[in-house]
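Peer 1: Got a file for you: target-v2.txt, compact mmCIF, C-alpha atoms.
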# COMPACT_ATOMS: atom_id res chain seq x y z
CA MET G 1 -3.74 0.26 3.08
CA PRO G 2 -4.52 -0.79 6.66
CA ILE G 3 -1.30 -2.45 7.77
CA ASN G 4 -3.11 -5.42 9.34
CA TYR G 5 -4.31 -6.40 5.85
CA LEU G 6 -0.95 -5.69 4.25
CA GLU G 7 0.55 -8.01 6.85
CA LYS G 8 -1.65 -10.86 5.61
CA ILE G 9 -0.82 -10.09 1.97
CA GLN G 10 2.91 -10.05 2.65
CA LEU G 11 2.74 -13.38 4.49
CA GLY G 12 0.15 -15.03 2.24
CA ASP G 13 -1.97 -15.55 5.35
CA PHE G 14 -5.40 -16.06 3.79
CA SER G 15 -8.64 -17.67 4.98
CA GLU G 16 -12.39 -17.24 4.62
CA GLU G 17 -12.02 -14.02 6.62
CA GLY G 18 -9.45 -12.64 4.19
CA TYR G 19 -8.65 -13.91 0.72
CA ARG G 20 -7.11 -13.03 -2.63
CA VAL G 21 -8.89 -12.97 -6.00
CA ASN G 22 -6.47 -13.54 -8.87
CA PRO G 23 -6.68 -10.96 -11.66
CA SER G 24 -7.57 -12.28 -15.10
CA LYS G 25 -4.92 -12.37 -17.83
CA VAL G 26 -6.20 -9.17 -19.45
CA VAL G 27 -5.32 -7.08 -16.36
CA GLU G 28 -2.60 -9.11 -14.64
CA SER G 29 0.10 -6.71 -15.83
CA VAL G 30 -1.74 -3.84 -14.11
CA VAL G 31 -3.27 -5.39 -10.98
CA GLU G 32 -1.20 -7.37 -8.50
CA GLY G 33 -4.33 -8.74 -6.84
CA PHE G 34 -7.87 -8.15 -5.58
CA TYR G 35 -8.34 -8.75 -1.84
CA VAL G 36 -11.32 -9.11 0.47
CA PHE G 37 -10.89 -8.78 4.23
CA SER G 38 -13.35 -8.94 7.08
CA ARG G 39 -12.81 -6.11 9.49
CA ASP G 40 -11.14 -6.86 12.80
CA GLN G 41 -14.01 -6.25 15.18
CA LYS G 42 -11.69 -5.97 18.20
CA GLN G 43 -10.16 -2.73 16.97
CA ASP G 44 -11.65 0.14 14.98
CA THR G 45 -8.44 2.09 14.32
CA HIS G 46 -5.55 0.87 12.16
CA LEU G 47 -2.27 2.24 10.91
CA ILE G 48 -2.11 2.95 7.17
CA PHE G 49 1.05 1.94 5.32
CA ASN G 50 2.07 1.66 1.69
CA ASP G 51 4.78 -0.79 0.58
CA GLY G 52 5.13 0.86 -2.83
CA PHE G 53 2.05 -0.70 -4.46
CA PRO G 54 -0.75 1.88 -4.93
CA VAL G 55 -4.13 0.64 -3.71
CA LEU G 56 -7.83 1.36 -3.93
CA VAL G 57 -9.75 0.45 -0.79
CA PHE G 58 -13.53 0.21 -1.16
CA LEU G 59 -16.00 0.16 1.72
CA PRO G 60 -19.10 -2.07 1.44
CA GLU G 61 -21.55 0.74 0.61
CA ALA G 62 -21.23 4.09 -1.13
CA ASP G 63 -22.36 5.94 2.02
CA ASP G 64 -20.04 4.10 4.42
CA THR G 65 -17.39 6.33 5.94
CA VAL G 66 -14.02 6.19 7.66
CA SER G 67 -12.14 8.92 9.46
CA VAL G 68 -8.54 9.58 8.45
CA LEU G 69 -6.46 10.54 11.47
CA ALA G 70 -3.36 12.35 10.29
CA GLU G 71 -0.82 14.14 12.44
CA ASN G 72 -2.24 17.62 11.95
CA LYS G 73 -5.80 17.01 10.81
CA THR G 74 -8.72 14.60 10.70
CA PHE G 75 -11.07 14.21 7.75
CA GLU G 76 -13.79 11.85 6.56
CA ILE G 77 -13.82 9.68 3.46
CA LYS G 78 -16.98 8.18 1.96
CA GLY G 79 -17.13 5.02 -0.17
CA GLY G 80 -13.42 4.35 -0.49
CA TRP G 81 -9.97 5.81 -0.90
CA ALA G 82 -6.78 5.64 -2.93
CA SER G 83 -3.36 5.64 -1.32
CA ALA G 84 0.23 5.59 -2.51
CA GLY G 85 3.56 7.17 -1.67
CA ALA G 86 5.31 7.11 1.69
CA ILE G 87 2.56 7.30 4.33
CA LYS G 88 3.67 8.40 7.78
CA ASN G 89 1.71 8.47 11.05
CA VAL G 90 -1.74 8.14 9.47
CA TYR G 91 -4.53 5.99 10.91
CA ILE G 92 -7.98 4.95 9.70
CA LYS G 93 -10.94 4.78 12.07
CA TYR G 94 -13.93 2.72 10.83
CA ASN G 95 -17.51 3.51 11.64
CA ALA G 96 -19.51 0.83 13.44
CA SER G 97 -21.38 -0.53 10.38
CA ILE G 98 -18.37 -1.50 8.26
CA ASN G 99 -17.67 -5.22 8.32
CA GLN G 100 -15.56 -5.75 5.18
CA VAL G 101 -13.17 -3.99 2.83
CA TYR G 102 -12.35 -4.73 -0.81
CA ILE G 103 -8.83 -3.83 -1.93
CA VAL G 104 -7.30 -3.50 -5.39
CA ARG G 105 -3.50 -3.58 -5.34
CA PHE G 106 -1.76 -2.16 -8.41
CA TYR G 107 1.75 -2.66 -9.69
CA PRO G 108 3.97 0.42 -9.33
CA GLY G 109 3.94 2.34 -12.57
CA SER G 110 0.52 1.09 -13.76
CA PHE G 111 -1.81 2.94 -11.42
CA TYR G 112 -0.97 6.49 -12.46
CA PRO G 113 -1.45 6.19 -16.24
CA LEU G 114 -4.66 4.18 -15.69
CA PHE G 115 -6.30 7.12 -13.92
CA GLY G 116 -4.47 9.88 -15.79
CA LEU G 117 -2.46 10.96 -12.76
CA ASP G 118 1.00 12.37 -12.38
CA ALA G 119 3.28 10.02 -10.44
CA HIS G 120 3.67 12.73 -7.77
CA HIS G 121 -0.08 12.99 -7.20
CA PHE G 122 0.19 11.55 -3.67
CA LYS G 123 3.38 13.33 -2.61
CA HIS G 124 1.68 15.73 -0.19
CA LYS G 125 -1.58 13.82 0.29
CA PRO G 126 -0.88 10.08 0.43
CA ILE G 127 -4.54 9.23 1.08
CA VAL G 128 -7.34 10.78 -0.98
CA PRO G 129 -11.04 10.00 -1.47
CA PHE G 130 -11.23 7.83 -4.58
CA GLU G 131 -14.31 9.77 -5.62
CA SER G 132 -12.08 12.77 -6.48
CA ILE G 133 -10.01 10.60 -8.85
CA ALA G 134 -13.02 8.78 -10.30
CA LYS G 135 -14.69 12.04 -11.35
CA CYS G 136 -11.71 12.93 -13.53
CA SER G 137 -11.29 9.48 -15.07
CA ASP G 138 -14.82 8.40 -16.09
CA PHE G 139 -14.99 5.77 -13.36
CA SER G 140 -18.61 5.48 -12.23
CA MET G 141 -18.71 5.08 -8.45
CA SER G 142 -22.50 4.72 -8.55
CA SER G 143 -22.28 1.84 -11.06
CA PHE G 144 -19.55 0.15 -9.03
CA PHE G 145 -21.62 0.23 -5.85
CA LYS G 146 -24.60 -1.26 -7.68
CA CYS G 147 -22.55 -4.46 -7.93
CA ASN G 148 -23.80 -6.76 -5.18
CA THR G 149 -21.09 -9.41 -5.01
CA ILE G 150 -17.30 -9.52 -4.98
CA GLU G 151 -17.43 -11.32 -8.33
CA GLU G 152 -19.49 -8.51 -9.86
CA LYS G 153 -17.22 -5.82 -8.40
CA THR G 154 -14.12 -7.58 -9.71
CA ALA G 155 -15.66 -7.96 -13.18
CA PHE G 156 -16.64 -4.27 -13.18
CA LEU G 157 -13.10 -3.19 -12.30
CA GLU G 158 -11.49 -5.52 -14.81
CA GLU G 159 -13.75 -4.23 -17.56
CA TYR G 160 -12.88 -0.64 -16.64
CA ILE G 161 -9.13 -1.39 -16.62
CA TYR G 162 -9.28 -3.36 -19.88
CA THR G 163 -11.13 -0.61 -21.75
CA THR G 164 -9.24 2.32 -20.19
CA PHE G 165 -5.64 1.27 -19.80
CA SER G 166 -3.37 1.90 -22.75
CA ALA G 167 0.06 0.33 -22.98
CA HIS G 168 2.43 2.31 -20.79
CA CYS G 169 6.09 1.62 -21.21
CA THR G 170 7.72 1.09 -17.85
CA PRO G 171 11.40 0.28 -18.51
CA GLU G 172 12.23 -3.40 -18.07
CA ALA G 173 15.32 -2.44 -16.05
CA LEU G 174 13.01 -0.66 -13.59
CA HIS G 175 10.89 -3.81 -13.25
CA GLN G 176 14.05 -5.81 -12.57
CA THR G 177 15.17 -3.29 -9.97
CA LEU G 178 11.82 -3.38 -8.15
CA ASP G 179 11.83 -7.19 -8.14
CA TYR G 180 15.37 -7.19 -6.79
CA ILE G 181 14.53 -4.75 -3.98
CA HIS G 182 11.58 -6.96 -3.01
CA LYS G 183 13.76 -10.07 -3.10
CA ILE G 184 16.36 -8.59 -0.74
CA LYS G 185 13.61 -7.07 1.45
CA GLY G 186 15.09 -3.60 1.19
CA GLN G 187 18.33 -4.61 2.87
CA SER G 188 20.68 -2.57 0.71
CA THR G 189 21.55 0.93 -0.43
CA VAL G 190 20.66 2.62 -3.72
CA ARG G 191 24.31 2.52 -4.77
CA ASN G 192 24.59 -1.21 -4.11
CA VAL G 193 21.31 -1.89 -5.93
CA THR G 194 22.51 -0.03 -9.03
CA ASN G 195 25.75 -1.99 -8.96
CA ASP G 196 23.97 -5.33 -8.50
CA ILE G 197 21.42 -4.67 -11.26
CA GLY G 198 23.83 -2.85 -13.53
CA VAL G 199 21.94 0.42 -14.03
CA ASN G 200 23.00 4.05 -13.82
CA TYR G 201 22.32 5.82 -10.51
CA LYS G 202 20.89 9.00 -12.07
CA TRP G 203 18.81 7.00 -14.55
CA LEU G 204 17.31 5.02 -11.67
CA GLU G 205 16.40 8.18 -9.76
CA ARG G 206 14.74 9.69 -12.86
CA SER G 207 12.85 6.46 -13.59
CA PHE G 208 11.56 6.21 -10.03
CA ALA G 209 10.47 9.85 -10.07
CA GLN G 210 8.66 9.40 -13.40
CA HIS G 211 6.99 6.02 -12.84
CA ILE G 212 6.84 5.40 -9.07
CA GLY G 213 6.50 8.91 -7.68
CA PHE G 214 9.35 8.90 -5.18
CA MET G 215 13.05 8.18 -4.94
CA PRO G 216 14.56 4.67 -4.86
CA LYS G 217 15.94 5.34 -1.37
CA VAL G 218 12.39 5.80 -0.08
CA TYR G 219 11.21 2.62 -1.84
CA ILE G 220 14.04 0.64 -0.24
CA GLN G 221 13.15 2.07 3.18
CA LEU G 222 9.51 1.00 2.76
CA GLN G 223 10.49 -2.61 2.01
CA ARG G 224 12.93 -2.75 4.90
CA PHE G 225 10.43 -1.32 7.37
CA ILE G 226 7.51 -3.59 6.48
CA HIS G 227 9.60 -6.71 7.03
CA ALA G 228 10.95 -5.39 10.34
CA TYR G 229 7.37 -4.51 11.33
CA LEU G 230 6.15 -8.03 10.54
CA GLU G 231 8.89 -9.51 12.68
CA LEU G 232 8.10 -7.15 15.55
CA VAL G 233 4.34 -7.78 15.72
CA ARG G 234 4.70 -11.55 15.32
CA ASP G 235 7.50 -12.16 17.83
CA GLU G 236 6.56 -13.26 21.33
CA GLU G 237 9.66 -11.59 22.73
CA VAL G 238 10.52 -8.08 21.57
CA ASP G 239 14.25 -7.77 20.93
CA LEU G 240 14.66 -4.48 19.07
CA MET G 241 18.37 -4.88 18.41
CA ARG G 242 17.90 -8.34 16.91
CA ILE G 243 14.96 -7.19 14.77
CA ALA G 244 16.90 -4.13 13.61
CA LEU G 245 20.04 -6.01 12.61
CA SER G 246 18.16 -8.90 10.97
CA ASN G 247 16.34 -6.42 8.73
CA GLY G 248 19.27 -4.33 7.57
CA TYR G 249 19.23 -1.47 10.09
CA TYR G 250 22.52 -0.19 11.53
CA ASP G 251 21.27 -0.48 15.10
CA SER G 252 18.11 -0.33 17.22
CA ASN G 253 18.09 3.49 17.24
CA HIS G 254 17.96 3.52 13.44
CA PHE G 255 14.95 1.18 13.57
CA LEU G 256 13.30 3.21 16.37
CA LYS G 257 13.60 6.41 14.32
CA ASP G 258 11.99 4.76 11.28
CA PHE G 259 9.28 3.14 13.39
CA LYS G 260 8.27 6.38 15.08
CA GLY G 261 8.31 8.18 11.74
CA TYR G 262 5.88 5.70 10.13
CA THR G 263 3.64 5.04 13.15
CA GLY G 264 3.97 8.09 15.40
CA LYS G 265 4.77 5.72 18.27
CA THR G 266 7.68 3.75 19.67
CA PRO G 267 7.50 -0.02 19.06
CA LEU G 268 6.36 -0.69 22.63
CA GLU G 269 3.76 2.10 22.51
CA TYR G 270 2.48 0.69 19.24
CA LEU G 271 2.22 -2.87 20.60
CA ARG G 272 0.27 -1.56 23.60
CA PHE G 273 -1.99 0.40 21.24
CA GLN G 274 -2.68 -2.79 19.25
CA THR G 275 -3.76 -4.71 22.34
CA SER G 276 -5.63 -1.89 24.09
For the file at hand, write its structure as structure tokens.
Peer 2:
Amino acid sequence: MPINYLEKIQLGDFSEEGYRVNPSKVVESVVEGFYVFSRDQKQDTHLIFNDGFPVLVFLPEADDTVSVLAENKTFEIKGGWASAGAIKNVYIKYNASINQVYIVRFYPGSFYPLFGLDAHHFKHKPIVPFESIAKCSDFSMSSFFKCNTIEEKTAFLEEYIYTTFSAHCTPEALHQTLDYIHKIKGQSTVRNVTNDIGVNYKWLERSFAQHIGFMPKVYIQLQRFIHAYLELVRDEEVDLMRIALSNGYYDSNHFLKDFKGYTGKTPLEYLRFQTS
């Protein structure tokens, strides 16, 4: 999702301009939360990042569009998109009319069976038009966009999830591992995580591949980076070595390499881009 909204979700920084809608009990095991954010009018281009939770991002109207700016290509998406996996150096550019986005954030392991997807669906294309998934899963985009309010849209989605989702057995040990990685903010290695949780290394890799769509090492890296990113963009003074070490990186070069991989820019270039 746009990282400026993920930043608010991670920090619980909500207001009238951006708020969370709690999922009802019938879908709370599938959906982490529904979110509504007003678009930042000062900037029309935002980095896309995924912290391991697949998302649907809906634009206000079915004909609204955004441009996806990837490293080697640019393409347009209409109505909304789905994203998951490790997203690197991808930006979204809004058209002038868009003033709000509506985001559905799913728990890892629930999104794929809900829409009949393989967990590796996003491996080579981490952002796809949701319309392409909806057509194969009996989700009516036209009916969704006939909903006029956030309450109606949320009710529509919850009804779809309730009637479509069948119990999918994600191992409890995998849930515990994900919770643990979140708790330590990705500041560990796969080997240490398996030792701390008490699971087999190969089992964990197979479980991640089957239910999450990528390896545990990648998931750990995503958690570590997002917390380092939050510290960077919220600090008045940029001290890369301090940020790197406080977030589990070996040194500032390790953090710089990760940062450029995810954003396509150095930290200072990215901060200048944000304020330009």
Peer 1: Which residues of segment 105-188 of chain G have any atom within 8 Å of an atom in segment 220-231 of chain G when counting only C-alpha atoms, and what is the closest pair of atoms for each, with the distance in Å to one decimal? Order the rows by chain and rising number and write it as CSV.
Peer 2:
residue,atom,partner,partner_atom,distance
G:Ile181,CA,G:Ile220,CA,6.6
G:His182,CA,G:Gln223,CA,6.7
G:Lys185,CA,G:Gln223,CA,5.5
G:Gly186,CA,G:Arg224,CA,4.4
G:Gln187,CA,G:Arg224,CA,6.1
G:Ser188,CA,G:Ile220,CA,7.4
Peer 1: So how many Å separate atom CA of Val104 of chain G and atom CA of Val21 of chain G, to one decimal?
Peer 2: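 Spanning atom CA of Val104 of chain G to atom CA of Val21 of chain G is a straight-line distance of 9.6 Å.
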Peer 1: Give me the residues near Phe115 of chain G as a list in words, where near means some atom within 9 Å (using only C-alpha atoms) and where sequence neighbours in that chain fewer than 4 positions away do not count.
Peer 2: Phe111, Ile133, Ala134, Cys136, Ser137, Asp138, Phe139, Thr164 and Phe165 of chain G
Peer 1: For atom CA of Phe37 of chain G and atom CA of Phe144 of chain G, determine how far apart the two atoms are, in Å to one decimal place.
Peer 2: 18.2 Å
Peer 1: Name the residues in contact with Leu69 of chain G at a cut-off of 9 Å, using only C-alpha atoms, excluding same-chain residues fewer than 2 positions from it; report them as a PyMOL selection string.
Peer 2: chain G and resi 67+71-76+89-93
Peer 1: Those selected residues, please, written with C-alpha atoms and delivered as a tab-separated table (two decimals), in the frame of the given file.
Peer 2:
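Output contents, as saved in part31.tsv:
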chain	number	residue	atom	x	y	z
G	67	SER	CA	-12.14	8.92	9.46
G	71	GLU	CA	-0.82	14.14	12.44
G	72	ASN	CA	-2.24	17.62	11.95
G	73	LYS	CA	-5.80	17.01	10.81
G	74	THR	CA	-8.72	14.60	10.70
G	75	PHE	CA	-11.07	14.21	7.75
G	76	GLU	CA	-13.79	11.85	6.56
G	89	ASN	CA	1.71	8.47	11.05
G	90	VAL	CA	-1.74	8.14	9.47
G	91	TYR	CA	-4.53	5.99	10.91
G	92	ILE	CA	-7.98	4.95	9.70
G	93	LYS	CA	-10.94	4.78	12.07
Peer 1: Please produce, as a Markdown table, a per-residue contact table for segment 101-195 of chain G versus segment 49-54 of chain G (criterion: any atom at most 12 Å away, all atoms listed in the file considered), showing the nearest atom pair and its distance in Å to one decimal, sorted by chain then residue number.
Peer 2:
| residue | atom | partner | partner_atom | distance |
| --- | --- | --- | --- | --- |
| G:Ile103 | CA | G:Pro54 | CA | 10.3 |
| G:Val104 | CA | G:Pro54 | CA | 8.5 |
| G:Arg105 | CA | G:Pro54 | CA | 6.1 |
| G:Phe106 | CA | G:Pro54 | CA | 5.4 |
| G:Tyr107 | CA | G:Phe53 | CA | 5.6 |
| G:Pro108 | CA | G:Phe53 | CA | 5.4 |
| G:Gly109 | CA | G:Phe53 | CA | 8.9 |
| G:Ser110 | CA | G:Pro54 | CA | 9.0 |
| G:Phe111 | CA | G:Pro54 | CA | 6.7 |
| G:Tyr112 | CA | G:Pro54 | CA | 8.8 |
| G:Leu114 | CA | G:Pro54 | CA | 11.7 |
| G:Phe115 | CA | G:Pro54 | CA | 11.8 |
| G:Ala119 | CA | G:Pro54 | CA | 10.6 |
| G:His121 | CA | G:Pro54 | CA | 11.4 |
| G:Phe122 | CA | G:Pro54 | CA | 9.8 |
| G:Pro126 | CA | G:Asn50 | CA | 9.0 |
| G:Ile127 | CA | G:Asn50 | CA | 10.1 |
| G:Val128 | CA | G:Pro54 | CA | 11.8 |
| G:Leu178 | CA | G:Gly52 | CA | 9.5 |
| G:Asp179 | CA | G:Gly52 | CA | 11.7 |
| G:Ile181 | CA | G:Gly52 | CA | 11.0 |
| G:His182 | CA | G:Asp51 | CA | 9.9 |
| G:Lys185 | CA | G:Asp51 | CA | 10.9 |
| G:Gly186 | CA | G:Asp51 | CA | 10.7 |
Peer 1: Show me, as AutoDock Vina command-line options, the centre and edge lengths in Å to one decimal of the axis-aligned box that covers every listed atom of segment 262-270 of chain G with 5 Å on each side.
Peer 2:
--center_x 5.1 --center_y 3.7 --center_z 16.4 --size_x 15.2 --size_y 18.8 --size_z 22.5
Peer 1: Please indicate the distance in Å from atom CA of Val238 of chain G to atom CA of Phe273 of chain G, rounded to one decimal place.
Peer 2: 15.1 Å
Peer 1: Counting only C-alpha atoms, figure out which residue out of G:Ile77, G:Met141, G:Met241, G:Ile150 gets nearest to Val36 of chain G.
Peer 2: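 Counting only C-alpha atoms, the residue closest to Val36 of chain G is G:Ile150.
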Peer 1: Taking the point (7.6, 9.1, -13.5) as given in the file, collect each protein or nucleic acid residue that comes within 8 Å of it, counting only C-alpha atoms, and present the set as a PyMOL selection string.
Peer 2: chain G and resi 109+118-120+206-213
Peer 1: Report as a list in words all protein, DNA and RNA residues lying within 8 Å of Ile243 of chain G, evaluated on only C-alpha atoms, omitting residues in the same chain fewer than 2 positions from it.
Peer 2: Ala228, Glu231, Leu232, Asp239, Leu240, Met241, Leu245, Ser246, Asn247 and Ser252 of chain G
Peer 1: Please list as a VMD selection string every residue within 9 Å of Pro60 of chain G, counting all atoms listed in the file and excluding residues in the same chain fewer than 6 positions away.
Peer 2: chain G and resid 79 to 80 98 to 102 145
Peer 1: When distances are computed from all atoms listed in the file, which of G:Phe58, G:Tyr250, G:Phe156, G:Tyr201 shows the smallest separation from Phe130 of chain G?
Peer 2: G:Phe58
Peer 1: Using only C-alpha atoms, can you tell me which of G:Val233, G:Met1, G:Leu117, G:Ile161 comes closest to Ser83 of chain G?
Peer 2: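 Result for the nearest residue to Ser83 of chain G: G:Met1.
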Peer 1: Between G:Thr189, G:Ser97, G:Asn195, G:Ser24, which is the closest to Ala155 of chain G once you count only C-alpha atoms?
Peer 2: G:Ser24
Peer 1: Pick from G:Tyr270, G:Asn192, G:Tyr94, G:Gln176: nearest to Lys42 of chain G, with all atoms listed in the file counted?
Peer 2: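 Comparing G:Tyr270, G:Asn192, G:Tyr94, G:Gln176 against Lys42 of chain G, the winner is G:Tyr94.
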